[in-house]
Amino acid sequence: MCGIVGLFLKDPALEDRLGDLLSDMLVTMTDRGPDSAGIALYGDAVAGRSKVTVQAADPAGAFASLETLAREVGGESATLTIKDTHAVVGLPGDRVDALRQALADAPEGFRVMSAGETIEIYKETGLPRDVVARFGIRDMRGTHGIGHTRMATESAVTTLGAHPFSTGDDQCLVHNGSLSNHNNLRRALARRGIGFATENDTEVAAAYLTARMAKGRDLGGALTDALGDLDGFFTFVVGTRTGFGVLRDPIACKPAIMAETNRYVAFGSEYRALVGLPGIEAARIWEPEPAAVYFWDRDGPPGDAMLAA
């Protein structure tokens with residue numbers, strides 16, 4: 001099962017409502033996956049600054065030392081914003097790798113959810129309404145975001161096993177389906193120095209796209225490459241710092257519906273996830289084609305691009 005939602009805003013007037021709109025979309029998909037839920041939101045960039053979203057199983061004890069660690073690595077300009085089991089560290093962009101290493105070496109068991117100029121990821125086990133509430137998602141603003149509610153089929157129900165998965169700066173992916181060749185891909189990517197935190201097949205798909213974009217492919221090109229290299233049944237929704245993409249496998253047995261107006265592009269596993277969006281009654285509604293790549297980029301030309309396999 002699993003439920004996916006995504007919202008890419010064209011109209012800046014909607015940016016203050018991103019968290020609220022995405023939350024409603026995700027909660028509507030609860031019955032497609034009650035095990036865990038997560039949301040990635042892309043907010044405003046600050047020149048020269050990055051942020052790292054960190055999760056801790058024991059936040060009461062761990063985040064006290066995280067503040068000290070952040071200052072040691074990021075200097076006096078480092079900031080720490082705590083939201084339940086997650087915390088967002090703000091620091092100079094050139095100190096992100098150093099913070100990652102310090103977090104890996106720390107005894108508190110910190111887990112990096114995301115890193116980049118604009119992205120924040122919040123995910124935990126439990127129902128979407130509870131995950132949304134505990135992190136204050138409804139009050140968050142941004143330009144675009146994706147969400148997922150999970151029904152686990154191939155790995156444990158854990159925080160790390162929840163979607164979205166982020167394997168590169170300002171990159172993330174949510175997935176409905178199952179990949180059949182993820183173990184071979186995992187080994188190939190590991191030989192290139194890419195690390196994995198879970199046995200989840202979705203993390204492999206995210207890492208594959210990160211590897212392709214690291215070689216110079218844009219989001220649309222990386223998704224096109226995936227059609228030849230990934231086996232299985234899948235619907236992907238992907239976020240980058242400025243982009244939003246959708247891909248279904250050639251059989252397309254996993255449900256998907258999209259809507260576009262002059263104010264936004266939206267994705268849902270079912271149409272009912274979209275019915276609360278402003279102006280939905282006038283939107284162009286369609287089902288994404290099998291083996292076709294759809295992507296939008298804030299830094300690209302107006303409108304959408306579709307690449308058929």
# chains A, B, ... in the order shown; residues from 1 in each chain; ligands from 1

call {"tool": "residues_around", "arguments": {"residues": "A:Ala98", "least_positions_apart": "3", "cutoff": "12 Å", "atoms": "only C-alpha atoms", "output": "JSON, numbers by chain"}}
result
{"A": [52, 69, 70, 71, 72, 73, 74, 75, 91, 92, 93, 94, 95, 101, 102, 103, 104, 105]}

call {"tool": "select_by_dssp", "arguments": {"residues": "stretch 94-250 of chain A", "states": "helix (DSSP H, G or I)", "output": "PyMOL selection string"}}
result
chain A and resi 94-105+128-134+137-139+182-191+201-214+219-229

call {"tool": "residues_around", "arguments": {"residues": "A:Asp16", "least_positions_apart": "3", "cutoff": "9 Å", "atoms": "only C-alpha atoms", "output": "PyMOL selection string"}}
result
chain A and resi 12-13+19-20+139-143

call {"tool": "select_by_dssp", "arguments": {"residues": "stretch 4-209 of chain A", "states": "strand (DSSP E)", "output": "ChimeraX atom specification"}}
result
/A:4-9,36-42,49-55,79-83,86-92,111-116,119-125,144-150,165-168,171-179

call {"tool": "closest_residue", "arguments": {"among": "A:Leu18, A:Ile251, A:Ile82, A:Ile4", "to": "A:Thr30", "atoms": "only C-alpha atoms"}}
result
A:Ile4

call {"tool": "closest_residue", "arguments": {"among": "A:Phe8, A:Tyr208, A:Phe165, A:Phe267", "to": "A:Phe244", "atoms": "only C-alpha atoms"}}
result
A:Phe8

call {"tool": "decode", "arguments": {"residues": "stretch 146-212 of chain A", "atoms": "C-alpha atoms", "output": "mmCIF file, in the first residue's frame"}}
result
data_model
loop_
_atom_site.group_PDB
_atom_site.id
_atom_site.type_symbol
_atom_site.label_atom_id
_atom_site.label_comp_id
_atom_site.auth_asym_id
_atom_site.auth_seq_id
_atom_site.Cartn_x
_atom_site.Cartn_y
_atom_site.Cartn_z
ATOM 1 C CA ILE A 146 6.705 15.600 -0.214
ATOM 2 C CA GLY A 147 5.212 13.201 2.313
ATOM 3 C CA HIS A 148 4.688 9.491 2.896
ATOM 4 C CA THR A 149 2.690 7.212 5.142
ATOM 5 C CA ARG A 150 4.024 3.680 5.224
ATOM 6 C CA MET A 151 2.703 0.147 5.325
ATOM 7 C CA ALA A 152 5.899 -1.850 5.811
ATOM 8 C CA THR A 153 6.337 -4.910 3.589
ATOM 9 C CA GLU A 154 10.086 -5.560 3.302
ATOM 10 C CA SER A 155 11.800 -4.068 6.359
ATOM 11 C CA ALA A 156 11.170 -3.200 10.001
ATOM 12 C CA VAL A 157 8.884 -0.440 11.234
ATOM 13 C CA THR A 158 11.431 2.033 12.589
ATOM 14 C CA THR A 159 12.166 5.745 12.403
ATOM 15 C CA LEU A 160 15.031 5.150 9.982
ATOM 16 C CA GLY A 161 12.821 2.887 7.867
ATOM 17 C CA ALA A 162 10.221 5.613 7.431
ATOM 18 C CA HIS A 163 10.174 7.786 4.322
ATOM 19 C CA PRO A 164 11.360 10.231 2.983
ATOM 20 C CA PHE A 165 14.912 9.004 2.458
ATOM 21 C CA SER A 166 17.652 11.553 1.889
ATOM 22 C CA THR A 167 21.050 10.456 0.566
ATOM 23 C CA GLY A 168 22.343 13.761 -0.799
ATOM 24 C CA ASP A 169 22.200 17.424 0.095
ATOM 25 C CA ASP A 170 18.714 18.837 -0.516
ATOM 26 C CA GLN A 171 17.611 15.537 -2.084
ATOM 27 C CA CYS A 172 14.929 13.109 -0.933
ATOM 28 C CA LEU A 173 12.587 10.423 -2.231
ATOM 29 C CA VAL A 174 9.341 8.695 -1.248
ATOM 30 C CA HIS A 175 8.268 5.406 -2.765
ATOM 31 C CA ASN A 176 5.245 3.159 -3.126
ATOM 32 C CA GLY A 177 6.226 -0.268 -4.389
ATOM 33 C CA SER A 178 9.043 -2.788 -4.182
ATOM 34 C CA LEU A 179 12.372 -3.048 -5.986
ATOM 35 C CA SER A 180 13.611 -6.512 -6.947
ATOM 36 C CA ASN A 181 17.263 -5.659 -7.654
ATOM 37 C CA HIS A 182 17.990 -3.372 -4.704
ATOM 38 C CA ASN A 183 20.566 -5.699 -3.128
ATOM 39 C CA ASN A 184 22.720 -5.729 -6.271
ATOM 40 C CA LEU A 185 22.382 -1.963 -6.606
ATOM 41 C CA ARG A 186 23.267 -1.494 -2.936
ATOM 42 C CA ARG A 187 26.506 -3.417 -3.386
ATOM 43 C CA ALA A 188 27.402 -1.481 -6.536
ATOM 44 C CA LEU A 189 26.732 1.877 -4.862
ATOM 45 C CA ALA A 190 28.626 0.840 -1.725
ATOM 46 C CA ARG A 191 31.684 0.146 -3.878
ATOM 47 C CA ARG A 192 31.489 3.808 -4.936
ATOM 48 C CA GLY A 193 31.668 4.887 -1.314
ATOM 49 C CA ILE A 194 27.945 5.466 -0.684
ATOM 50 C CA GLY A 195 26.861 4.436 2.806
ATOM 51 C CA PHE A 196 23.482 3.056 3.865
ATOM 52 C CA ALA A 197 21.699 3.335 7.208
ATOM 53 C CA THR A 198 18.947 0.750 6.573
ATOM 54 C CA GLU A 199 18.062 -2.348 4.556
ATOM 55 C CA ASN A 200 15.148 -0.495 2.951
ATOM 56 C CA ASP A 201 14.928 -0.687 -0.844
ATOM 57 C CA THR A 202 13.779 2.928 -1.003
ATOM 58 C CA GLU A 203 17.079 4.119 0.438
ATOM 59 C CA VAL A 204 18.792 2.361 -2.470
ATOM 60 C CA ALA A 205 16.584 4.185 -4.974
ATOM 61 C CA ALA A 206 17.387 7.516 -3.319
ATOM 62 C CA ALA A 207 21.116 6.742 -3.346
ATOM 63 C CA TYR A 208 20.952 5.718 -6.998
ATOM 64 C CA LEU A 209 19.478 9.093 -7.959
ATOM 65 C CA THR A 210 22.044 10.909 -5.808
ATOM 66 C CA ALA A 211 24.841 9.040 -7.579
ATOM 67 C CA ARG A 212 23.450 9.885 -11.009
#
